[in-house]
2 protein chains.
Amino acid sequence: MLRTNKQITLNDIATRLNVSKVTVSKALRDHPDISEKRTKEIKAAASELGYIPNFAARNLSSKKTRTIGVVVPAIANSFFANFIESIYDCAFENNYDIILAVSQENSQKELKQLETMLSMRVDGIIISVAELSENKEILKRIKKSEIPLVFFDRSVEYLKFSSVILANQTGAFSAIEKAIEKGYRKIGHIAGWQNSNIGRDRFLGYKEALQKHKITSNKDWVVFSGFGKKDGYNSFKEMYKKNNLPEILFAVTFPVALGILEAAKEVGVKIPSDLDLICFGDSELNEYLKPKISCVTHDTSDFAKQTFKLIMKQIESKEQFIDEHVEIETKMLMNETCIKKQFKISH
Amino acid sequence: MLRTNKQITLNDIATRLNVSKVTVSKALRDHPDISEKRTKEIKAAASELGYIPNFAARNLSSKKTRTIGVVVPAIANSFFANFIESIYDCAFENNYDIILAVSQENSQKELKQLETMLSMRVDGIIISVAELSENKEILKRIKKSEIPLVFFDRSVEYLKFSSVILANQTGAFSAIEKAIEKGYRKIGHIAGWQNSNIGRDRFLGYKEALQKHKITSNKDWVVFSGFGKKDGYNSFKEMYKKNNLPEILFAVTFPVALGILEAAKEVGVKIPSDLDLICFGDSELNEYLKPKISCVTHDTSDFAKQTFKLIMKQIESKEQFIDEHVEIETKMLMNETCIKKQFKISH
DNA sequence: GTGAAAGCGCTAACAG
DNA sequence: CTGTTAGCGCTTTCAC
């Protein structure tokens, strides 16, 4: 048997009930124009016929989609996964749909995904850009086409979109201060790309803390790369080769810290006894790590809520631009790394 | 400044070039009707004007969306996260878009999400149903409306949709046999809901193995619940109260095993020395666990590819129903649990 | 090769 | 309260 592909339309309901299709359309949307009785009749008929509204038609004529596009660099990642779940919750509560795209840290995919979202005429876009993203052009087009967009976590600052980001610099700063407090003086950083706000600001926080406490760093102790586990792995190997490890490393993200752990294990460097470790960002996985990494944490659910709030504000506003910046506070969580140096030596 | 909301249409390009909008439409889609030269001109003009195709209009008139809806119970879960990433890859390669929805194991949300997908007129649906899903009605409607649908992992069998599932029974069977081989005789099961194929078939495999080896179970050693970490946690606590633990537990999913680990730790039961543990399913997280859980694994990327292949086949076919069932093979991965009993006793 | 006509299913604006 | 009219932007069909 072949597929038939007939769909029930407003007209089918209308002719059956001897009313106009406008009446049906209104009734189905609970428009106050229509009497309660009629509305009930119409809804009953619609459900009986198995009517399914056609969003394409609705969107085309109403010019609204009640849809928000979300672009993230990865999904198999505690932070983004949790962020997304929260965003879905927000959307559900507000009767919005989410179009999710995963760029996989790939600038080209990101571009295509953004284009798709524009073609879908999403009401707004929430994005955390891929590392080394080169999509200025399309972002400018989005700016021009006046579609609301909010950056979260990883932003592109000079384009004057709103953003919700972490307190990257102060978070990094206090993490390093904590290490100094514990007695560390040789402090290294597996840093992120410096054209990304999170890479740059966390590096700035690191430098700031060292400066304040008049501690000198060393070229060998800082390596720059991306934000994933592999980056951490490779960077550590690179640093290790120089045969001049610091006492403690500050990883730019949690996945990077994971990579460091793995690489260190491979070459026989024991953490935290031979080399200690802290990082920016947390993960459910940390619970199972041995040692549990001391890290800079934040409230991801709140992060998502704030981001959603901001995009909604922008969607509902008639203003062309809202250029608002929210910073989510961080907190240093002390676990089993970043231990007292004095204590270590006494062993 | 207020938002203006003007969009460039085919007509704008057409009038500028003094051709008809049909020509433009065709050129933009590389239709062989149009000469190469014209096509080039038109594409140039389109990009210059910043033309963005309107999918709603396109879908409405063409009745195709090149979009596939994917519904999963959770996203902050290694298996689903990896599955989704692979599905996105497949879609990308085939020039399809993905609409992702997360039911959060909630039947009502699942319902709403499926309705949304129908309204979006997705070309096909890939779904792993929520535990205790009660959405027979809408599935029947989907069947009736002839939209291709493929279940993956968790299916609803009696509705005759295609499915791609794991070798649940044989996978469970060989896991239990492995435990028996190692010397275990008191074998418990933190099982899943029995109205779900994965809960039921894994339980069947468990029973089958015991029967084959003439090993008796005990009521106290089997508890039924859901597939998440909390379920494992609660189930273990429940079993523990009965004061009659088996020697080894078989967890229906990896998250359930995680919950067991946590609960066991809380009450002071040491794994694997006091109580051993195996489970169905793996996770990246296992790498960091101590002990690493011995588990039934599979190739998630292949799983996703097979699922995508099946939905594509269905979309491209003119047949009303394809009722095809693929089973993904599993493999027992021996880690640091499910250790030899003899060895344990000799300690 | 190109284009005119018709319509996809819906909603906004207005008229009764 | 209900209905008429006029599109939304695009593709399909078919004539030229």
# chains A, B, ... in the order shown; residues from 1 in each chain; ligands from 1
$ interface_residues --of "chain B" --to "chain D" --cutoff "12 Å" --atoms "only C-alpha atoms (C1' of nucleotides)" --output "PyMOL selection string"
chain B and resi 7-12+21-26+29+52-64
$ write_last_selection --atoms "N, CA and C atoms" --output "tab-separated table (two decimals), in the first residue's frame"
chain	number	residue	atom	x	y	z
B	7	GLN	N	12.19	41.20	4.78
B	7	GLN	CA	13.08	40.16	4.29
B	7	GLN	C	13.14	40.17	2.77
B	8	ILE	N	14.30	39.85	2.27
B	8	ILE	CA	14.51	39.77	0.83
B	8	ILE	C	13.81	38.52	0.31
B	9	THR	N	13.06	38.65	-0.76
B	9	THR	CA	12.37	37.48	-1.33
B	9	THR	C	12.86	37.20	-2.75
B	10	LEU	N	12.39	36.12	-3.27
B	10	LEU	CA	12.74	35.77	-4.64
B	10	LEU	C	12.37	36.91	-5.58
B	11	ASN	N	11.26	37.53	-5.31
B	11	ASN	CA	10.79	38.62	-6.16
B	11	ASN	C	11.77	39.77	-6.23
B	12	ASP	N	12.35	40.09	-5.09
B	12	ASP	CA	13.32	41.19	-5.06
B	12	ASP	C	14.48	40.90	-6.01
B	21	LYS	N	10.25	35.28	-10.96
B	21	LYS	CA	10.67	34.70	-9.70
B	21	LYS	C	10.83	33.19	-9.84
B	22	VAL	N	10.15	32.60	-10.79
B	22	VAL	CA	10.32	31.16	-11.01
B	22	VAL	C	11.75	30.86	-11.45
B	23	THR	N	12.24	31.68	-12.35
B	23	THR	CA	13.61	31.50	-12.81
B	23	THR	C	14.59	31.58	-11.65
B	24	VAL	N	14.36	32.56	-10.81
B	24	VAL	CA	15.24	32.71	-9.66
B	24	VAL	C	15.17	31.48	-8.77
B	25	SER	N	13.96	31.06	-8.49
B	25	SER	CA	13.77	29.89	-7.63
B	25	SER	C	14.52	28.69	-8.19
B	26	LYS	N	14.36	28.48	-9.48
B	26	LYS	CA	15.03	27.35	-10.10
B	26	LYS	C	16.55	27.49	-10.07
B	29	ARG	N	18.17	26.66	-6.92
B	29	ARG	CA	18.18	25.24	-6.58
B	29	ARG	C	18.95	24.43	-7.64
B	52	ILE	N	17.90	35.16	2.11
B	52	ILE	CA	17.84	33.98	2.95
B	52	ILE	C	16.55	33.24	2.64
B	53	PRO	N	16.65	32.04	2.08
B	53	PRO	CA	15.43	31.31	1.72
B	53	PRO	C	14.51	31.14	2.93
B	54	ASN	N	13.24	31.13	2.68
B	54	ASN	CA	12.27	30.97	3.75
B	54	ASN	C	11.74	29.54	3.74
B	55	PHE	N	12.20	28.78	4.73
B	55	PHE	CA	11.83	27.36	4.76
B	55	PHE	C	10.34	27.14	4.91
B	56	ALA	N	9.67	28.01	5.66
B	56	ALA	CA	8.24	27.82	5.85
B	56	ALA	C	7.53	27.85	4.50
B	57	ALA	N	7.89	28.83	3.71
B	57	ALA	CA	7.27	28.96	2.39
B	57	ALA	C	7.65	27.77	1.51
B	58	ARG	N	8.90	27.41	1.57
B	58	ARG	CA	9.37	26.30	0.76
B	58	ARG	C	8.65	25.01	1.15
B	59	ASN	N	8.58	24.76	2.46
B	59	ASN	CA	7.94	23.54	2.93
B	59	ASN	C	6.47	23.50	2.57
B	60	LEU	N	5.85	24.66	2.71
B	60	LEU	CA	4.42	24.72	2.46
B	60	LEU	C	4.12	24.36	1.01
B	61	SER	N	4.93	24.87	0.15
B	61	SER	CA	4.62	24.63	-1.26
B	61	SER	C	5.18	23.31	-1.76
B	62	SER	N	6.29	22.87	-1.18
B	62	SER	CA	6.88	21.63	-1.69
B	62	SER	C	6.43	20.40	-0.91
B	63	LYS	N	5.89	20.62	0.28
B	63	LYS	CA	5.44	19.50	1.13
B	63	LYS	C	6.57	18.59	1.57
B	64	LYS	N	7.75	19.14	1.57
B	64	LYS	CA	8.88	18.39	2.11
B	64	LYS	C	9.66	19.30	3.04
$ interface_residues --of "chain C" --to "chain B" --cutoff "9 Å" --atoms "only C-alpha atoms (C1' of nucleotides)" --output "PyMOL selection string"
chain C and resi 1-3+7-9
$ write_last_selection --atoms "C-alpha atoms (C1' of nucleotides)" --output "compact mmCIF listing (two decimals), in the first residue's frame"
# COMPACT_ATOMS: atom_id res chain seq x y z
C1' DG C 1 15.18 28.08 -21.52
C1' DT C 2 11.74 30.94 -19.41
C1' DG C 3 7.56 32.51 -17.16
C1' DG C 7 -2.17 27.19 -4.83
C1' DC C 8 0.21 25.10 -0.38
C1' DG C 9 -2.60 26.11 4.79
$ residues_around --residues "Gly171 in chain A" --least-positions-apart "4" --cutoff "10 Å" --atoms "only C-alpha atoms (C1' of nucleotides)" --output "compact mmCIF listing (two decimals) with N, CA and C atoms, in the first residue's frame"
# COMPACT_ATOMS: atom_id res chain seq x y z
N LEU A 166 30.37 33.84 32.18
CA LEU A 166 30.84 33.63 33.55
C LEU A 166 31.78 34.76 33.95
N ALA A 167 31.99 34.90 35.23
CA ALA A 167 32.98 35.84 35.73
C ALA A 167 34.34 35.19 35.51
N ALA A 175 40.93 31.52 41.86
CA ALA A 175 41.45 30.15 41.87
C ALA A 175 42.96 30.17 42.07
N ILE A 176 43.61 31.06 41.35
CA ILE A 176 45.07 31.16 41.46
C ILE A 176 45.47 31.67 42.84
N GLU A 177 44.71 32.62 43.34
CA GLU A 177 45.00 33.11 44.69
C GLU A 177 44.93 31.99 45.70
N ASP A 201 40.11 35.73 29.08
CA ASP A 201 39.82 36.28 30.41
C ASP A 201 40.32 35.38 31.54
N ARG A 202 40.30 34.08 31.30
CA ARG A 202 40.83 33.19 32.34
C ARG A 202 42.34 33.33 32.44
N GLY A 205 42.99 36.53 34.35
CA GLY A 205 42.82 36.32 35.79
C GLY A 205 44.04 35.65 36.39
N TYR A 206 44.56 34.69 35.64
CA TYR A 206 45.77 33.98 36.07
C TYR A 206 46.94 34.94 36.23
N PHE A 280 38.99 25.51 35.66
CA PHE A 280 37.81 26.35 35.57
C PHE A 280 36.67 25.48 35.06
N GLY A 281 35.60 25.37 35.81
CA GLY A 281 34.46 24.57 35.39
C GLY A 281 34.41 23.24 36.11
N CYS A 295 37.93 23.09 41.75
CA CYS A 295 37.60 23.82 40.53
C CYS A 295 36.71 25.03 40.76
N VAL A 296 36.62 25.85 39.76
CA VAL A 296 35.76 27.03 39.78
C VAL A 296 34.38 26.60 39.26
N THR A 297 33.38 26.69 40.09
CA THR A 297 32.05 26.21 39.70
C THR A 297 31.07 27.36 39.51
N HIS A 298 29.89 27.00 39.03
CA HIS A 298 28.83 27.99 38.87
C HIS A 298 27.50 27.25 38.78
N GLU A 329 28.13 34.62 38.50
CA GLU A 329 29.21 34.51 39.48
C GLU A 329 29.72 33.07 39.60
N THR A 330 30.96 32.98 40.00
CA THR A 330 31.57 31.66 40.17
C THR A 330 31.98 31.48 41.63
N LYS A 331 32.35 30.25 41.93
CA LYS A 331 32.72 29.94 43.30
C LYS A 331 33.83 28.92 43.24
N MET A 332 34.82 29.07 44.10
CA MET A 332 35.91 28.09 44.12
C MET A 332 35.49 26.91 44.99
$ atom_distance --atom1 "CA of Gly259 in chain A" --atom2 "CA of Phe80 in chain A"
18.0 Å
$ interface_residues --of "chain A" --to "chain B" --cutoff "8 Å" --atoms "only C-alpha atoms" --output "ChimeraX atom specification"
/A:1-5,7,50,52-57,59-60,75-78,81-82,85,88,98-102,115,118-121,141,145-146,285,288-290,318-321
$ write_last_selection --atoms "N, CA and C atoms" --output "tab-separated table (two decimals), in the first residue's frame"
chain	number	residue	atom	x	y	z
A	1	MET	N	0.84	-1.20	0.00
A	1	MET	CA	0.00	0.00	0.00
A	1	MET	C	0.88	1.26	0.00
A	2	LEU	N	0.49	2.18	-0.78
A	2	LEU	CA	1.32	3.38	-0.91
A	2	LEU	C	0.91	4.46	0.06
A	3	ARG	N	1.86	5.32	0.31
A	3	ARG	CA	1.55	6.44	1.20
A	3	ARG	C	0.66	7.44	0.49
A	4	THR	N	-0.29	7.98	1.21
A	4	THR	CA	-1.29	8.83	0.58
A	4	THR	C	-1.02	10.31	0.79
A	5	ASN	N	-0.66	10.66	2.02
A	5	ASN	CA	-0.21	12.01	2.24
A	5	ASN	C	-1.31	13.08	2.15
A	7	GLN	N	-3.57	15.63	4.25
A	7	GLN	CA	-3.68	16.18	5.59
A	7	GLN	C	-4.98	16.94	5.78
A	50	GLY	N	-8.75	14.36	13.54
A	50	GLY	CA	-7.30	14.19	13.65
A	50	GLY	C	-6.55	15.35	13.02
A	52	ILE	N	-4.07	18.28	12.54
A	52	ILE	CA	-2.75	18.67	13.05
A	52	ILE	C	-2.36	19.99	12.39
A	53	PRO	N	-2.26	21.04	13.19
A	53	PRO	CA	-1.94	22.34	12.59
A	53	PRO	C	-0.64	22.28	11.80
A	54	ASN	N	-0.57	23.05	10.77
A	54	ASN	CA	0.62	23.09	9.92
A	54	ASN	C	1.43	24.34	10.25
A	55	PHE	N	2.55	24.11	10.95
A	55	PHE	CA	3.35	25.25	11.41
A	55	PHE	C	3.92	26.06	10.26
A	56	ALA	N	4.26	25.42	9.17
A	56	ALA	CA	4.83	26.16	8.04
A	56	ALA	C	3.83	27.21	7.58
A	57	ALA	N	2.59	26.78	7.43
A	57	ALA	CA	1.55	27.72	6.99
A	57	ALA	C	1.34	28.81	8.04
A	59	ASN	N	3.41	29.87	10.34
A	59	ASN	CA	4.56	30.77	10.41
A	59	ASN	C	4.60	31.72	9.23
A	60	LEU	N	4.28	31.18	8.09
A	60	LEU	CA	4.35	31.99	6.88
A	60	LEU	C	3.37	33.15	6.98
A	75	ILE	N	27.83	18.41	22.85
A	75	ILE	CA	26.67	18.00	23.62
A	75	ILE	C	27.05	16.93	24.63
A	76	ALA	N	28.08	16.14	24.31
A	76	ALA	CA	28.56	15.12	25.24
A	76	ALA	C	29.53	15.78	26.21
A	77	ASN	N	29.01	16.71	26.95
A	77	ASN	CA	29.80	17.60	27.78
A	77	ASN	C	28.87	18.07	28.88
A	78	SER	N	29.27	17.82	30.08
A	78	SER	CA	28.40	18.06	31.23
A	78	SER	C	27.81	19.47	31.23
A	81	ALA	N	25.38	19.96	28.19
A	81	ALA	CA	24.21	19.09	28.32
A	81	ALA	C	23.25	19.64	29.37
A	82	ASN	N	23.80	20.04	30.49
A	82	ASN	CA	22.94	20.59	31.54
A	82	ASN	C	22.32	21.91	31.13
A	85	GLU	N	19.46	21.16	28.78
A	85	GLU	CA	18.26	20.65	29.46
A	85	GLU	C	17.50	21.79	30.13
A	88	TYR	N	15.68	23.85	27.54
A	88	TYR	CA	14.46	23.15	27.10
A	88	TYR	C	13.35	23.37	28.12
A	98	ILE	N	12.49	24.65	20.63
A	98	ILE	CA	13.93	24.83	20.51
A	98	ILE	C	14.44	24.08	19.29
A	99	ILE	N	15.25	24.75	18.52
A	99	ILE	CA	15.99	24.07	17.46
A	99	ILE	C	17.43	24.00	17.93
A	100	LEU	N	17.91	22.79	18.16
A	100	LEU	CA	19.25	22.65	18.68
A	100	LEU	C	20.23	22.26	17.59
A	101	ALA	N	21.37	22.88	17.59
A	101	ALA	CA	22.41	22.51	16.64
A	101	ALA	C	23.72	22.35	17.39
A	102	VAL	N	24.51	21.38	16.98
A	102	VAL	CA	25.79	21.11	17.63
A	102	VAL	C	26.90	21.35	16.61
A	115	GLU	N	22.78	29.42	9.26
A	115	GLU	CA	21.99	29.70	8.05
A	115	GLU	C	20.65	28.98	8.10
A	118	LEU	N	18.33	30.81	10.31
A	118	LEU	CA	17.79	32.01	9.68
A	118	LEU	C	16.69	31.62	8.71
A	119	SER	N	16.92	30.55	7.96
A	119	SER	CA	15.92	30.11	7.01
A	119	SER	C	14.66	29.62	7.70
A	120	MET	N	14.83	29.08	8.88
A	120	MET	CA	13.66	28.65	9.65
A	120	MET	C	12.95	29.84	10.28
A	121	ARG	N	13.56	30.98	10.21
A	121	ARG	CA	13.02	32.20	10.79
A	121	ARG	C	12.75	32.04	12.28
A	141	ARG	N	25.41	39.61	9.43
A	141	ARG	CA	24.13	39.53	8.72
A	141	ARG	C	22.98	39.40	9.70
A	145	SER	N	19.94	41.79	10.01
A	145	SER	CA	18.56	41.33	9.82
A	145	SER	C	17.75	41.47	11.10
A	146	GLU	N	18.41	41.92	12.16
A	146	GLU	CA	17.70	42.28	13.39
A	146	GLU	C	17.07	41.10	14.12
A	285	LEU	N	31.10	14.33	36.46
A	285	LEU	CA	32.15	13.33	36.42
A	285	LEU	C	33.14	13.50	37.56
A	288	TYR	N	33.43	11.26	40.54
A	288	TYR	CA	33.99	9.91	40.46
A	288	TYR	C	35.50	9.92	40.29
A	289	LEU	N	36.04	11.13	40.16
A	289	LEU	CA	37.47	11.24	39.92
A	289	LEU	C	38.26	11.01	41.20
A	290	LYS	N	39.45	10.49	41.01
A	290	LYS	CA	40.32	10.33	42.15
A	290	LYS	C	41.67	10.83	41.75
A	318	LYS	N	10.56	45.87	21.08
A	318	LYS	CA	10.47	46.40	19.73
A	318	LYS	C	11.77	47.10	19.32
A	319	GLU	N	12.66	47.21	20.28
A	319	GLU	CA	13.92	47.87	19.99
A	319	GLU	C	14.77	47.02	19.07
A	320	GLN	N	15.52	47.68	18.26
A	320	GLN	CA	16.38	46.97	17.34
A	320	GLN	C	17.52	46.27	18.08
A	321	PHE	N	18.15	46.98	18.95
A	321	PHE	CA	19.26	46.39	19.68
A	321	PHE	C	19.09	46.49	21.19
$ select_by_dssp --residues "range 204-326 of chain B" --states "helix (DSSP H, G or I)" --output "ChimeraX atom specification"
/B:204-212,219-221,229-241,254-267,284-288,300-316
$ select_by_dssp --residues "range 93-160 of chain A" --states "strand (DSSP E)" --output "list of chain:residue names"
A:Asp97, A:Ile98, A:Ile99, A:Leu100, A:Ala101, A:Val102, A:Gly124, A:Ile125, A:Ile126, A:Ile127, A:Leu149, A:Val150, A:Phe151, A:Phe152
$ write_last_selection --atoms "N, CA and C atoms" --output "PDB file, in the first residue's frame"
ATOM      1  N   ASP A  97       9.469  26.511  21.091  1.00  0.00           N
ATOM      2  CA  ASP A  97      10.198  25.340  20.643  1.00  0.00           C
ATOM      3  C   ASP A  97      11.676  25.683  20.504  1.00  0.00           C
ATOM      4  N   ILE A  98      12.488  24.655  20.631  1.00  0.00           N
ATOM      5  CA  ILE A  98      13.933  24.833  20.515  1.00  0.00           C
ATOM      6  C   ILE A  98      14.437  24.078  19.289  1.00  0.00           C
ATOM      7  N   ILE A  99      15.254  24.749  18.517  1.00  0.00           N
ATOM      8  CA  ILE A  99      15.988  24.069  17.464  1.00  0.00           C
ATOM      9  C   ILE A  99      17.428  24.003  17.932  1.00  0.00           C
ATOM     10  N   LEU A 100      17.908  22.794  18.159  1.00  0.00           N
ATOM     11  CA  LEU A 100      19.252  22.650  18.683  1.00  0.00           C
ATOM     12  C   LEU A 100      20.229  22.258  17.588  1.00  0.00           C
ATOM     13  N   ALA A 101      21.369  22.883  17.586  1.00  0.00           N
ATOM     14  CA  ALA A 101      22.412  22.509  16.638  1.00  0.00           C
ATOM     15  C   ALA A 101      23.721  22.346  17.386  1.00  0.00           C
ATOM     16  N   VAL A 102      24.515  21.382  16.982  1.00  0.00           N
ATOM     17  CA  VAL A 102      25.793  21.110  17.630  1.00  0.00           C
ATOM     18  C   VAL A 102      26.901  21.354  16.614  1.00  0.00           C
ATOM     19  N   GLY A 124      14.680  33.881  17.724  1.00  0.00           N
ATOM     20  CA  GLY A 124      15.904  34.336  18.360  1.00  0.00           C
ATOM     21  C   GLY A 124      16.935  33.227  18.383  1.00  0.00           C
ATOM     22  N   ILE A 125      18.181  33.593  18.625  1.00  0.00           N
ATOM     23  CA  ILE A 125      19.273  32.622  18.622  1.00  0.00           C
ATOM     24  C   ILE A 125      20.091  32.744  19.900  1.00  0.00           C
ATOM     25  N   ILE A 126      20.380  31.607  20.486  1.00  0.00           N
ATOM     26  CA  ILE A 126      21.272  31.536  21.641  1.00  0.00           C
ATOM     27  C   ILE A 126      22.483  30.736  21.193  1.00  0.00           C
ATOM     28  N   ILE A 127      23.656  31.294  21.357  1.00  0.00           N
ATOM     29  CA  ILE A 127      24.833  30.587  20.832  1.00  0.00           C
ATOM     30  C   ILE A 127      26.066  30.691  21.716  1.00  0.00           C
ATOM     31  N   LEU A 149      19.856  37.891  19.157  1.00  0.00           N
ATOM     32  CA  LEU A 149      20.867  36.858  19.397  1.00  0.00           C
ATOM     33  C   LEU A 149      21.532  37.133  20.738  1.00  0.00           C
ATOM     34  N   VAL A 150      21.736  36.083  21.490  1.00  0.00           N
ATOM     35  CA  VAL A 150      22.437  36.206  22.767  1.00  0.00           C
ATOM     36  C   VAL A 150      23.565  35.188  22.811  1.00  0.00           C
ATOM     37  N   PHE A 151      24.755  35.663  23.115  1.00  0.00           N
ATOM     38  CA  PHE A 151      25.869  34.747  23.344  1.00  0.00           C
ATOM     39  C   PHE A 151      25.812  34.223  24.766  1.00  0.00           C
ATOM     40  N   PHE A 152      26.175  32.975  24.938  1.00  0.00           N
ATOM     41  CA  PHE A 152      26.374  32.507  26.315  1.00  0.00           C
ATOM     42  C   PHE A 152      27.714  31.793  26.387  1.00  0.00           C
TER      43      PHE A 152
END
$ atom_distance --atom1 "CA of Ala257 in chain B" --atom2 "CA of Asp231 in chain B"
9.4 Å
$ atom_distance --atom1 "CA of His325 in chain A" --atom2 "CA of Gln169 in chain A"
15.0 Å
$ residues_around --residues "Lys178 in chain B" --least-positions-apart "5" --cutoff "9 Å" --atoms "only C-alpha atoms (C1' of nucleotides)" --output "list in words"
Phe173, Gly183, Tyr184, Met332 and Cys338 of chain B
$ write_last_selection --atoms "N, CA and C atoms" --output "mmCIF file, in the first residue's frame"
data_model
loop_
_atom_site.group_PDB
_atom_site.id
_atom_site.type_symbol
_atom_site.label_atom_id
_atom_site.label_comp_id
_atom_site.auth_asym_id
_atom_site.auth_seq_id
_atom_site.Cartn_x
_atom_site.Cartn_y
_atom_site.Cartn_z
ATOM 1 N N PHE B 173 22.041 -12.148 29.019
ATOM 2 C CA PHE B 173 22.328 -13.562 29.233
ATOM 3 C C PHE B 173 23.827 -13.815 29.375
ATOM 4 N N GLY B 183 32.169 -17.738 39.227
ATOM 5 C CA GLY B 183 31.925 -18.415 40.498
ATOM 6 C C GLY B 183 30.746 -17.898 41.310
ATOM 7 N N TYR B 184 30.092 -16.864 40.790
ATOM 8 C CA TYR B 184 28.959 -16.306 41.537
ATOM 9 C C TYR B 184 27.740 -17.215 41.445
ATOM 10 N N MET B 332 30.588 -8.216 25.991
ATOM 11 C CA MET B 332 30.844 -8.091 27.422
ATOM 12 C C MET B 332 32.245 -7.547 27.617
ATOM 13 N N CYS B 338 33.077 -7.873 38.744
ATOM 14 C CA CYS B 338 32.841 -9.247 38.283
ATOM 15 C C CYS B 338 34.150 -10.022 38.329
#
$ residues_around --residues "Ile215 in chain B" --least-positions-apart "2" --cutoff "12 Å" --atoms "only C-alpha atoms (C1' of nucleotides)" --output "ChimeraX atom specification"
/B:176-177,179-180,183-188,206-213,217-218
$ write_last_selection --atoms "N, CA and C atoms" --output "compact mmCIF listing (two decimals), in the first residue's frame"
# COMPACT_ATOMS: atom_id res chain seq x y z
N ILE B 176 25.38 -12.48 32.60
CA ILE B 176 25.10 -13.31 33.77
C ILE B 176 25.92 -14.60 33.70
N GLU B 177 26.04 -15.14 32.52
CA GLU B 177 26.86 -16.35 32.38
C GLU B 177 28.29 -16.08 32.81
N ALA B 179 29.25 -14.00 34.99
CA ALA B 179 29.27 -13.95 36.46
C ALA B 179 29.27 -15.36 37.03
N ILE B 180 28.48 -16.20 36.42
CA ILE B 180 28.40 -17.59 36.89
C ILE B 180 29.75 -18.28 36.71
N GLY B 183 32.17 -17.74 39.23
CA GLY B 183 31.92 -18.42 40.50
C GLY B 183 30.75 -17.90 41.31
N TYR B 184 30.09 -16.86 40.79
CA TYR B 184 28.96 -16.31 41.54
C TYR B 184 27.74 -17.21 41.45
N ARG B 185 27.00 -17.31 42.54
CA ARG B 185 25.78 -18.10 42.56
C ARG B 185 24.58 -17.29 43.04
N LYS B 186 24.85 -16.35 43.93
CA LYS B 186 23.76 -15.48 44.41
C LYS B 186 23.78 -14.22 43.55
N ILE B 187 22.93 -14.23 42.54
CA ILE B 187 22.99 -13.16 41.54
C ILE B 187 21.71 -12.35 41.54
N GLY B 188 21.83 -11.07 41.85
CA GLY B 188 20.65 -10.21 41.91
C GLY B 188 20.54 -9.33 40.67
N TYR B 206 18.58 -12.39 32.04
CA TYR B 206 19.03 -12.71 33.40
C TYR B 206 18.42 -14.04 33.85
N LYS B 207 17.11 -14.15 33.71
CA LYS B 207 16.42 -15.37 34.15
C LYS B 207 16.88 -16.58 33.35
N GLU B 208 17.02 -16.36 32.07
CA GLU B 208 17.42 -17.45 31.18
C GLU B 208 18.77 -18.05 31.59
N ALA B 209 19.70 -17.16 31.90
CA ALA B 209 21.03 -17.65 32.28
C ALA B 209 20.97 -18.44 33.58
N LEU B 210 20.20 -17.93 34.53
CA LEU B 210 20.08 -18.64 35.81
C LEU B 210 19.48 -20.02 35.58
N GLN B 211 18.40 -20.04 34.79
CA GLN B 211 17.74 -21.31 34.51
C GLN B 211 18.69 -22.32 33.88
N LYS B 212 19.37 -21.83 32.86
CA LYS B 212 20.26 -22.73 32.15
C LYS B 212 21.26 -23.38 33.09
N HIS B 213 21.73 -22.62 34.04
CA HIS B 213 22.74 -23.15 34.96
C HIS B 213 22.13 -23.63 36.26
N SER B 217 17.15 -17.99 42.09
CA SER B 217 17.24 -16.61 42.52
C SER B 217 16.44 -16.49 43.82
N ASN B 218 16.15 -15.29 44.18
CA ASN B 218 15.47 -15.04 45.45
C ASN B 218 14.70 -13.75 45.26
